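Student: Just coords.txt, nothing more (compact mmCIF, C-alpha atoms):
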# COMPACT_ATOMS: atom_id res chain seq x y z
CA MET A 18 33.97 24.45 -26.45
CA VAL A 19 36.51 26.12 -28.64
CA ASP A 20 35.01 26.23 -32.10
CA ALA A 21 38.33 26.61 -33.95
CA LEU A 22 39.64 23.39 -32.41
CA ALA A 23 36.40 21.53 -33.11
CA VAL A 24 36.32 22.73 -36.72
CA SER A 25 39.96 21.70 -37.28
CA LEU A 26 39.23 18.32 -35.72
CA ILE A 27 36.23 17.78 -37.99
CA ALA A 28 38.15 18.89 -41.11
CA GLY A 29 41.20 16.86 -40.08
CA ALA A 30 39.16 13.72 -39.39
CA LEU A 31 37.45 14.00 -42.77
CA ALA A 32 40.82 14.50 -44.52
CA LEU A 33 42.33 11.50 -42.73
CA ALA A 34 39.25 9.41 -43.55
CA GLY A 35 39.93 10.36 -47.18
CA LEU A 36 43.55 9.24 -46.76
CA GLY A 37 42.32 5.90 -45.40
CA LEU A 38 40.03 5.46 -48.40
CA VAL A 39 42.87 6.30 -50.81
CA ILE A 40 45.07 3.65 -49.14
CA THR A 41 42.13 1.23 -49.41
CA ALA A 42 41.78 2.04 -53.10
CA LEU A 43 45.53 1.48 -53.59
CA ASN A 44 45.03 -1.98 -52.10
CA ARG A 45 47.55 -1.51 -49.28
CA ARG A 46 47.45 -2.66 -45.69
CA VAL A 47 47.50 -0.44 -42.62
CA GLY A 48 51.02 0.96 -42.44
CA VAL A 49 53.11 3.61 -40.72
CA VAL A 50 51.30 6.47 -42.48
CA LEU A 51 47.83 5.53 -41.22
CA LEU A 52 49.08 4.68 -37.75
CA ALA A 53 50.77 8.09 -37.56
CA ALA A 54 47.55 9.70 -38.79
CA ALA A 55 45.60 7.93 -36.05
CA ALA A 56 48.16 9.09 -33.47
CA VAL A 57 47.88 12.70 -34.65
CA GLY A 58 44.09 12.47 -34.54
CA GLU A 59 44.17 11.03 -31.04
CA ALA A 60 46.49 13.84 -29.89
CA GLY A 61 44.01 16.41 -31.22
CA LEU A 62 41.16 14.65 -29.42
CA LEU A 63 43.17 14.61 -26.18
CA ALA A 64 43.71 18.36 -26.56
CA GLN A 65 39.97 18.78 -26.90
CA VAL A 66 39.30 16.69 -23.78
CA VAL A 67 41.77 18.82 -21.80
CA TRP A 68 40.11 21.98 -23.09
CA ALA A 69 36.65 20.67 -22.21
CA VAL A 70 37.77 19.69 -18.71
CA VAL A 71 39.21 23.18 -18.17
CA LYS A 72 35.92 24.73 -19.36
CA LEU A 73 33.85 22.43 -17.16
CA ALA A 74 36.09 23.13 -14.17
CA GLY A 75 35.59 26.84 -14.87
CA GLY A 76 31.85 26.41 -14.36
CA GLN A 77 30.63 26.25 -17.97
CA ARG A 78 28.06 23.58 -18.74
CA PRO A 79 27.01 21.96 -22.04
CA ALA A 80 23.47 23.01 -22.98
CA GLY A 81 22.55 19.46 -23.99
CA GLY A 82 23.36 17.92 -20.61
CA LEU A 83 26.56 17.02 -18.79
CA PRO A 84 26.26 13.17 -18.77
CA VAL A 85 25.73 13.05 -22.54
CA PHE A 86 28.66 15.38 -23.13
CA ILE A 87 31.00 13.38 -20.90
CA GLY A 88 29.87 10.22 -22.68
CA TYR A 89 30.87 11.72 -26.03
CA LEU A 90 34.19 12.97 -24.61
CA ALA A 91 35.07 9.51 -23.31
CA GLY A 92 33.88 7.84 -26.50
CA SER A 93 35.98 10.17 -28.66
CA LEU A 94 39.18 8.84 -27.06
CA VAL A 95 38.28 5.17 -27.54
CA ILE A 96 37.39 5.11 -31.25
CA LEU A 97 40.74 5.68 -33.00
CA PRO A 98 42.91 3.29 -30.94
CA VAL A 99 40.33 0.51 -31.33
CA ALA A 100 39.93 1.21 -35.07
CA ALA A 101 43.72 1.25 -35.56
CA ALA A 102 44.17 -2.04 -33.69
CA TRP A 103 41.26 -3.72 -35.48
CA GLY A 104 42.47 -2.43 -38.87
CA LEU A 105 46.07 -3.48 -38.18
CA GLY A 106 44.89 -7.04 -37.61
CA GLU A 107 43.49 -7.24 -41.12
CA ARG A 108 46.08 -8.09 -43.77
CA SER A 109 44.21 -6.63 -46.71
CA ARG A 110 42.77 -3.38 -48.04
CA TRP A 111 39.89 -3.68 -45.56
CA GLY A 112 42.25 -2.72 -42.72
CA PRO A 113 42.65 0.89 -43.96
CA ALA A 114 38.88 0.92 -44.63
CA VAL A 115 38.29 0.24 -40.93
CA VAL A 116 40.60 3.12 -39.95
CA ALA A 117 38.82 5.40 -42.46
CA ALA A 118 35.50 4.45 -40.85
CA GLY A 119 37.00 5.33 -37.45
CA PHE A 120 37.89 8.83 -38.68
CA LEU A 121 34.38 9.27 -40.12
CA VAL A 122 32.90 8.31 -36.74
CA ILE A 123 35.17 10.91 -35.10
CA ALA A 124 33.92 13.61 -37.51
CA VAL A 125 30.28 12.76 -36.73
CA LEU A 126 31.08 12.62 -33.00
CA MET A 127 32.65 16.11 -33.13
CA VAL A 128 29.57 17.56 -34.86
CA ARG A 129 27.31 15.94 -32.24
CA MET A 130 29.52 17.26 -29.40
CA GLN A 131 29.23 20.78 -30.80
CA GLN A 132 25.44 20.38 -30.85
CA VAL A 133 25.39 19.09 -27.28
CA TRP A 134 27.66 21.90 -26.08
CA HIS A 135 25.73 24.73 -27.74
CA GLY A 136 22.30 23.14 -27.30
CA MET B 6 37.16 -24.21 -40.56
CA ALA B 7 37.33 -21.93 -43.57
CA GLU B 8 34.03 -20.41 -42.53
CA SER B 9 35.22 -19.20 -39.13
CA ALA B 10 38.31 -17.52 -40.52
CA ALA B 11 36.42 -15.90 -43.35
CA ARG B 12 33.74 -14.12 -41.33
CA ARG B 13 36.02 -11.63 -39.58
CA THR B 14 38.37 -10.94 -42.47
CA GLY B 15 38.02 -8.87 -45.62
CA PRO B 16 34.81 -6.83 -45.82
CA GLY B 17 33.69 -8.57 -42.62
CA ARG B 18 36.37 -6.63 -40.78
CA LEU B 19 34.71 -3.33 -41.71
CA LEU B 20 31.21 -4.71 -41.09
CA ILE B 21 32.14 -5.78 -37.55
CA ALA B 22 33.76 -2.38 -36.92
CA VAL B 23 30.57 -0.55 -37.93
CA TYR B 24 28.48 -2.96 -35.83
CA GLY B 25 30.76 -2.22 -32.89
CA VAL B 26 30.21 1.52 -33.30
CA PHE B 27 26.45 1.02 -33.32
CA ALA B 28 26.59 -1.26 -30.30
CA LEU B 29 28.44 1.52 -28.48
CA ALA B 30 26.22 4.35 -29.75
CA ALA B 31 22.92 2.55 -29.17
CA GLY B 32 24.05 1.28 -25.78
CA ALA B 33 25.17 4.70 -24.59
CA ARG B 34 22.01 6.34 -25.87
CA ALA B 35 19.72 3.75 -24.24
CA GLY B 36 21.70 4.03 -21.00
CA VAL B 37 21.30 7.80 -20.84
CA GLN B 38 17.61 7.66 -21.77
CA ILE B 39 16.75 5.01 -19.20
CA ALA B 40 18.88 6.58 -16.45
CA THR B 41 17.63 10.16 -16.88
CA ARG B 42 14.05 10.10 -18.22
CA PHE B 43 12.69 6.57 -18.36
CA HIS B 44 9.18 7.67 -17.20
CA GLU B 45 8.72 9.90 -20.29
CA ALA B 46 8.52 7.09 -22.82
CA PRO B 47 9.23 3.67 -21.31
CA VAL B 48 8.33 1.72 -24.45
CA ALA B 49 10.58 3.76 -26.73
CA TYR B 50 13.49 3.56 -24.29
CA LEU B 51 13.08 -0.18 -23.79
CA LEU B 52 13.13 -0.57 -27.58
CA SER B 53 16.30 1.52 -27.53
CA ALA B 54 17.83 -0.91 -25.04
CA LEU B 55 16.68 -3.89 -27.13
CA ALA B 56 18.32 -2.35 -30.20
CA ALA B 57 21.55 -1.92 -28.25
CA ALA B 58 21.45 -5.54 -27.06
CA VAL B 59 20.89 -6.79 -30.62
CA TYR B 60 23.84 -4.75 -31.91
CA VAL B 61 26.11 -6.10 -29.18
CA LEU B 62 25.01 -9.67 -29.93
CA ALA B 63 25.51 -9.21 -33.68
CA THR B 64 28.96 -7.63 -33.19
CA VAL B 65 30.15 -10.47 -30.96
CA THR B 66 28.72 -13.32 -33.02
CA LEU B 67 29.99 -11.86 -36.32
CA ALA B 68 33.47 -11.62 -34.81
CA ARG B 69 33.44 -15.09 -33.23
CA SER B 70 33.96 -18.31 -35.13
CA GLY B 71 31.75 -21.38 -35.24
CA HIS B 72 28.35 -22.51 -36.40
CA ALA B 73 26.46 -21.48 -33.28
CA SER B 74 27.75 -17.92 -33.63
CA HIS B 75 26.81 -17.93 -37.28
CA ARG B 76 23.25 -18.95 -36.43
CA ILE B 77 22.93 -16.35 -33.64
CA ALA B 78 24.35 -13.68 -35.95
CA VAL B 79 21.70 -14.52 -38.57
CA VAL B 80 18.97 -14.24 -35.93
CA SER B 81 20.38 -10.93 -34.60
CA CYS B 82 20.58 -9.38 -38.05
CA THR B 83 17.05 -10.55 -38.83
CA VAL B 84 15.65 -9.15 -35.57
CA GLU B 85 17.52 -5.94 -36.33
CA LEU B 86 15.99 -5.66 -39.81
CA ILE B 87 12.49 -6.34 -38.47
CA GLY B 88 13.14 -3.90 -35.62
CA VAL B 89 14.30 -1.01 -37.79
CA VAL B 90 11.37 -1.43 -40.18
CA ALA B 91 8.79 -1.86 -37.39
CA VAL B 92 10.09 0.93 -35.13
CA GLY B 93 10.71 3.16 -38.15
CA THR B 94 7.12 2.79 -39.28
CA TYR B 95 5.74 3.10 -35.74
CA SER B 96 7.76 6.26 -35.05
CA LEU B 97 6.41 7.91 -38.20
CA ALA B 98 2.83 6.81 -37.51
CA ASP B 99 2.85 7.90 -33.86
CA PRO B 100 5.64 10.48 -33.29
CA ALA B 101 4.31 11.24 -29.79
CA ALA B 102 5.39 7.77 -28.62
CA PHE B 103 9.01 8.66 -29.48
CA PRO B 104 9.69 12.07 -27.90
CA ASP B 105 13.35 11.79 -28.69
CA ALA B 106 14.93 9.66 -31.28
CA THR B 107 16.16 6.11 -30.86
CA VAL B 108 18.57 4.53 -33.34
CA TRP B 109 15.67 2.94 -35.18
CA SER B 110 13.32 5.98 -35.33
CA SER B 111 12.39 7.04 -38.88
CA TYR B 112 14.30 4.02 -40.24
CA GLY B 113 17.51 5.31 -38.67
CA SER B 114 17.48 8.65 -40.50
CA GLY B 115 19.32 10.27 -37.56
CA TYR B 116 22.21 7.88 -38.29
CA GLY B 117 22.33 8.32 -42.05
CA PHE B 118 20.05 5.28 -42.55
CA VAL B 119 23.00 3.06 -41.66
CA PRO B 120 20.75 1.08 -39.24
CA LEU B 121 18.57 0.13 -42.23
CA VAL B 122 21.47 -0.89 -44.49
CA LEU B 123 23.58 -2.65 -41.87
CA PRO B 124 21.38 -5.74 -41.25
CA VAL B 125 21.00 -6.28 -45.00
CA LEU B 126 24.78 -6.18 -45.47
CA GLY B 127 25.16 -8.39 -42.40
CA LEU B 128 22.79 -11.03 -43.76
CA LEU B 129 24.45 -10.94 -47.19
CA TRP B 130 27.86 -11.34 -45.59
CA LEU B 131 26.67 -14.22 -43.41
CA ARG B 132 25.19 -15.91 -46.47
CA ARG B 133 28.45 -15.54 -48.34
CA THR B 134 30.62 -16.88 -45.53
CA ALA B 135 28.30 -19.79 -44.67
CA VAL B 136 29.63 -23.30 -45.18
CA ARG B 137 27.72 -25.10 -47.85
Write out the structure in this file as structure tokens.

Tutor:
Amino acid sequence: MVDALAVSLIAGALALAGLGLVITALNRRVGVVLLAAAAVGEAGLLAQVVWAVVKLAGGQRPAGGLPVFIGYLAGSLVILPVAAAWGLGERSRWGPAVVAAGFLVIAVLMVRMQQVWHG
Amino acid sequence: MAESAARRTGPGRLLIAVYGVFALAAGARAGVQIATRFHEAPVAYLLSALAAAVYVLATVTLARSGHASHRIAVVSCTVELIGVVAVGTYSLADPAAFPDATVWSSYGSGYGFVPLVLPVLGLLWLRRTAVR
């Protein structure tokens, strides 16, 4: 697992979670800005999946077990699209709050994936 | 039905989202534990699976409309609260029975104590959205 990518993903997810909370505090709905943020986040997560697949294909194995790691990889791609869709359906400030929660989950997921990879 | 519309909007939207995350996390964790090392601690892993089932039930019934869903959601949140307190206490009293953590071990400390707070918020939300 490339640490630089993981660290940027964690920092980015936390920053975007902060953005979601600011939009919540401003009493806005989910708009273009948050959807773009979710898209950027998802692109970063896709890059990580590709990197992980290359590493795994090259014979490296996560210290914490392959099934768990693959579970986290798959889960990491599901969270943001679902959070964005669920938040978009809410016509109040709680929509951005849902997206912010999604980014927080991603940050936690990335930390856990690092632990599983390094053991 | 003001009640049915109210439960999945506003703060309920966020509550259901967090419940969904825990349904996924607990389900995946229980699945891995039961598939790879069930013999090590069958009771703990079955409790893990029970926790996952309760989260799934709570997520679905919070999101769905109607009185029956409301009632099932109340029961799920209550079972969840009892579960996290009981398993939390049990896991501290007899750590050997829980060789690796479940969502409810140590009152959910591995998950930022969210498992302890979530059923309380769920019950409060259900109380607030109930039809009087």

Student: Excluding same-chain residues fewer than 5 positions from Gly58 in chain A, what lies within 9 Å of it counting all atoms listed in the file, as a list of chain:residue names?

Tutor: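 Returned residues: A:Leu26, A:Gly29, A:Ala30, A:Leu33, A:Ala53, A:Leu63, A:Leu97, A:Phe120.
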
Student: Could you work out which residues of chain B fall inside 12 Å of chain A? Count only C-alpha atoms, and format the result as a ChimeraX atom specification.

Tutor: /B:10-27,29-30,32-38,40-41,68,115-117

Student: Hey, what's within 10 Å of Ala91 in chain B if we count only C-alpha atoms and toss same-chain stuff fewer than 6 positions away? As a compact mmCIF listing (two decimals) with C-alpha atoms, in the frame of the given file, please?

Tutor:
# COMPACT_ATOMS: atom_id res chain seq x y z
CA GLU B 85 17.52 -5.94 -36.33
CA TRP B 109 15.67 2.94 -35.18
CA SER B 110 13.32 5.98 -35.33
CA SER B 111 12.39 7.04 -38.88
CA TYR B 112 14.30 4.02 -40.24

Student: I'd like the neighbourhood of Arg69 in chain B as a list in words, where a residue qualifies if any of its atoms comes within 10 Å (using all atoms listed in the file), though same-chain residues fewer than 2 positions away should be ignored.

Tutor: Ser9, Ala10, Arg12, Arg13, Ala63, Thr64, Val65, Thr66, Leu67, Gly71, His72, Ala73, Ser74, His75 and Ala78 of chain B

Student: Given the selection you just returned, output its residues as a file containing C-alpha atoms, formatted as a compact mmCIF listing (two decimals), in the frame of the given file.

Tutor:
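So out.txt came out as:
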# COMPACT_ATOMS: atom_id res chain seq x y z
CA SER B 9 35.22 -19.20 -39.13
CA ALA B 10 38.31 -17.52 -40.52
CA ARG B 12 33.74 -14.12 -41.33
CA ARG B 13 36.02 -11.63 -39.58
CA ALA B 63 25.51 -9.21 -33.68
CA THR B 64 28.96 -7.63 -33.19
CA VAL B 65 30.15 -10.47 -30.96
CA THR B 66 28.72 -13.32 -33.02
CA LEU B 67 29.99 -11.86 -36.32
CA GLY B 71 31.75 -21.38 -35.24
CA HIS B 72 28.35 -22.51 -36.40
CA ALA B 73 26.46 -21.48 -33.28
CA SER B 74 27.75 -17.92 -33.63
CA HIS B 75 26.81 -17.93 -37.28
CA ALA B 78 24.35 -13.68 -35.95

Student: What does the distance from CA of Val57 in chain A to CA of Tyr60 in chain B come to in Å, to one decimal?

Tutor: 29.8 Å

Student: Have a look at CA of Gly93 in chain B and CA of Leu129 in chain B and let me know their distance in Å, one decimal.

Tutor: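 Those two atoms sit 21.7 Å apart.
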
Student: So the first atom is CA of Leu90 in chain A and the second is CA of Val61 in chain B; what is the distance between them in Å, to one decimal place?

Tutor: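 Here the two named atoms are 21.2 Å from each other.
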
Student: When you count all atoms listed in the file, which of these residues is closest to Gln131 in chain A: A:Leu62, A:Ala32, A:Ala80, A:Leu52?

Tutor: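 That would be A:Ala80, the residue with the smallest distance to Gln131 in chain A.
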
Student: Tell me, as a CSV table (one decimal) with C-alpha atoms, in the coordinates of the input, which residues lie within 8 Å of Val108 in chain B, counting only C-alpha atoms; anything in the same chain fewer than 3 positions away does not count.

Tutor:
chain,number,residue,atom,x,y,z
B,31,ALA,CA,22.9,2.6,-29.2
B,53,SER,CA,16.3,1.5,-27.5
B,56,ALA,CA,18.3,-2.4,-30.2
B,113,GLY,CA,17.5,5.3,-38.7
B,115,GLY,CA,19.3,10.3,-37.6
B,116,TYR,CA,22.2,7.9,-38.3
B,120,PRO,CA,20.8,1.1,-39.2

Student: Considering only C-alpha atoms, state which residue in the set A:Gly136, A:Pro79, A:Leu94, A:Arg46 is at the smallest distance from Val66 in chain A.

Tutor: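 That would be A:Leu94, the residue with the smallest distance to Val66 in chain A.
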
Student: Using 3 Å of padding on each side, determine the axis-aligned box around all atoms of range 63-67 of chain B present in the file and give its centre and edge lengths in Å to one decimal, as lines of an AutoDock Vina configuration file.

Tutor:
center_x = 27.8
center_y = -10.5
center_z = -33.6
size_x = 10.6
size_y = 11.7
size_z = 11.4

Student: Let me make sure I understand: among B:Ala101, B:Val136, B:Ala58, B:Val92, which one has the smallest atom-to-atom distance to Glu45 in chain B if we use only C-alpha atoms?

Tutor: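 Looking at the shortest contact to Glu45 in chain B, the residue is B:Ala101.
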
Student: Between B:Val89, B:Ala102, B:Leu52, B:Val84, which is the closest to Leu121 in chain B once you count all atoms listed in the file?

Tutor: B:Val89

Student: Complete range 108-134 of chain A with N, CA, C and O atoms (output as a short mmCIF file (atom, residue, chain, number, x, y, z; two decimals), keeping the file's coordinate frame).

Tutor:
data_model
loop_
_atom_site.label_atom_id
_atom_site.label_comp_id
_atom_site.auth_asym_id
_atom_site.auth_seq_id
_atom_site.Cartn_x
_atom_site.Cartn_y
_atom_site.Cartn_z
N ARG A 108 44.98 -8.17 -42.82
CA ARG A 108 46.08 -8.09 -43.77
C ARG A 108 45.59 -7.88 -45.18
O ARG A 108 46.01 -8.58 -46.11
N SER A 109 44.67 -6.95 -45.36
CA SER A 109 44.21 -6.63 -46.71
C SER A 109 43.79 -5.17 -46.75
O SER A 109 43.94 -4.44 -45.78
N ARG A 110 43.21 -4.76 -47.86
CA ARG A 110 42.77 -3.38 -48.04
C ARG A 110 41.66 -2.99 -47.06
O ARG A 110 41.37 -1.82 -46.89
N TRP A 111 41.00 -3.98 -46.46
CA TRP A 111 39.89 -3.68 -45.56
C TRP A 111 40.38 -3.13 -44.22
O TRP A 111 39.58 -2.57 -43.46
N GLY A 112 41.68 -3.31 -43.93
CA GLY A 112 42.25 -2.72 -42.72
C GLY A 112 42.17 -1.19 -42.78
O GLY A 112 41.59 -0.56 -41.90
N PRO A 113 42.77 -0.56 -43.82
CA PRO A 113 42.65 0.89 -43.96
C PRO A 113 41.20 1.36 -44.01
O PRO A 113 40.89 2.46 -43.54
N ALA A 114 40.30 0.54 -44.57
CA ALA A 114 38.88 0.92 -44.63
C ALA A 114 38.31 1.06 -43.22
O ALA A 114 37.52 1.96 -42.93
N VAL A 115 38.74 0.17 -42.32
CA VAL A 115 38.29 0.24 -40.93
C VAL A 115 38.77 1.54 -40.28
O VAL A 115 38.00 2.23 -39.60
N VAL A 116 40.06 1.89 -40.53
CA VAL A 116 40.60 3.12 -39.95
C VAL A 116 39.87 4.34 -40.52
O VAL A 116 39.54 5.28 -39.79
N ALA A 117 39.58 4.31 -41.83
CA ALA A 117 38.82 5.40 -42.46
C ALA A 117 37.45 5.54 -41.79
O ALA A 117 37.01 6.66 -41.48
N ALA A 118 36.80 4.42 -41.52
CA ALA A 118 35.50 4.45 -40.85
C ALA A 118 35.64 5.07 -39.46
O ALA A 118 34.79 5.86 -39.02
N GLY A 119 36.74 4.75 -38.78
CA GLY A 119 37.00 5.33 -37.45
C GLY A 119 37.07 6.85 -37.52
O GLY A 119 36.48 7.56 -36.69
N PHE A 120 37.78 7.37 -38.52
CA PHE A 120 37.89 8.83 -38.68
C PHE A 120 36.53 9.45 -39.00
O PHE A 120 36.20 10.54 -38.51
N LEU A 121 35.72 8.76 -39.80
CA LEU A 121 34.38 9.27 -40.12
C LEU A 121 33.53 9.35 -38.84
O LEU A 121 32.80 10.32 -38.62
N VAL A 122 33.65 8.32 -38.01
CA VAL A 122 32.90 8.31 -36.74
C VAL A 122 33.34 9.50 -35.89
O VAL A 122 32.51 10.18 -35.27
N ILE A 123 34.66 9.77 -35.87
CA ILE A 123 35.17 10.91 -35.10
C ILE A 123 34.55 12.22 -35.61
O ILE A 123 34.12 13.07 -34.82
N ALA A 124 34.49 12.38 -36.95
CA ALA A 124 33.92 13.61 -37.51
C ALA A 124 32.47 13.78 -37.06
O ALA A 124 32.06 14.86 -36.62
N VAL A 125 31.69 12.70 -37.15
CA VAL A 125 30.28 12.76 -36.73
C VAL A 125 30.19 13.07 -35.23
O VAL A 125 29.37 13.90 -34.80
N LEU A 126 31.05 12.43 -34.46
CA LEU A 126 31.08 12.62 -33.00
C LEU A 126 31.36 14.09 -32.65
O LEU A 126 30.74 14.66 -31.75
N MET A 127 32.29 14.71 -33.40
CA MET A 127 32.65 16.11 -33.13
C MET A 127 31.46 17.04 -33.42
O MET A 127 31.20 17.98 -32.67
N VAL A 128 30.75 16.75 -34.52
CA VAL A 128 29.57 17.56 -34.86
C VAL A 128 28.53 17.43 -33.75
O VAL A 128 27.95 18.42 -33.28
N ARG A 129 28.29 16.18 -33.30
CA ARG A 129 27.31 15.94 -32.24
C ARG A 129 27.73 16.64 -30.94
O ARG A 129 26.91 17.23 -30.23
N MET A 130 29.03 16.62 -30.64
CA MET A 130 29.52 17.26 -29.40
C MET A 130 29.30 18.77 -29.45
O MET A 130 28.97 19.38 -28.44
N GLN A 131 29.50 19.35 -30.64
CA GLN A 131 29.23 20.78 -30.80
C GLN A 131 27.76 21.08 -30.52
O GLN A 131 27.42 22.05 -29.84
N GLN A 132 26.88 20.19 -31.05
CA GLN A 132 25.44 20.38 -30.85
C GLN A 132 25.09 20.27 -29.37
O GLN A 132 24.29 21.04 -28.84
N VAL A 133 25.69 19.29 -28.70
CA VAL A 133 25.39 19.09 -27.28
C VAL A 133 25.90 20.28 -26.46
O VAL A 133 25.24 20.75 -25.53
N TRP A 134 27.07 20.79 -26.83
CA TRP A 134 27.66 21.90 -26.08
C TRP A 134 26.83 23.18 -26.24
O TRP A 134 26.53 23.87 -25.28
#
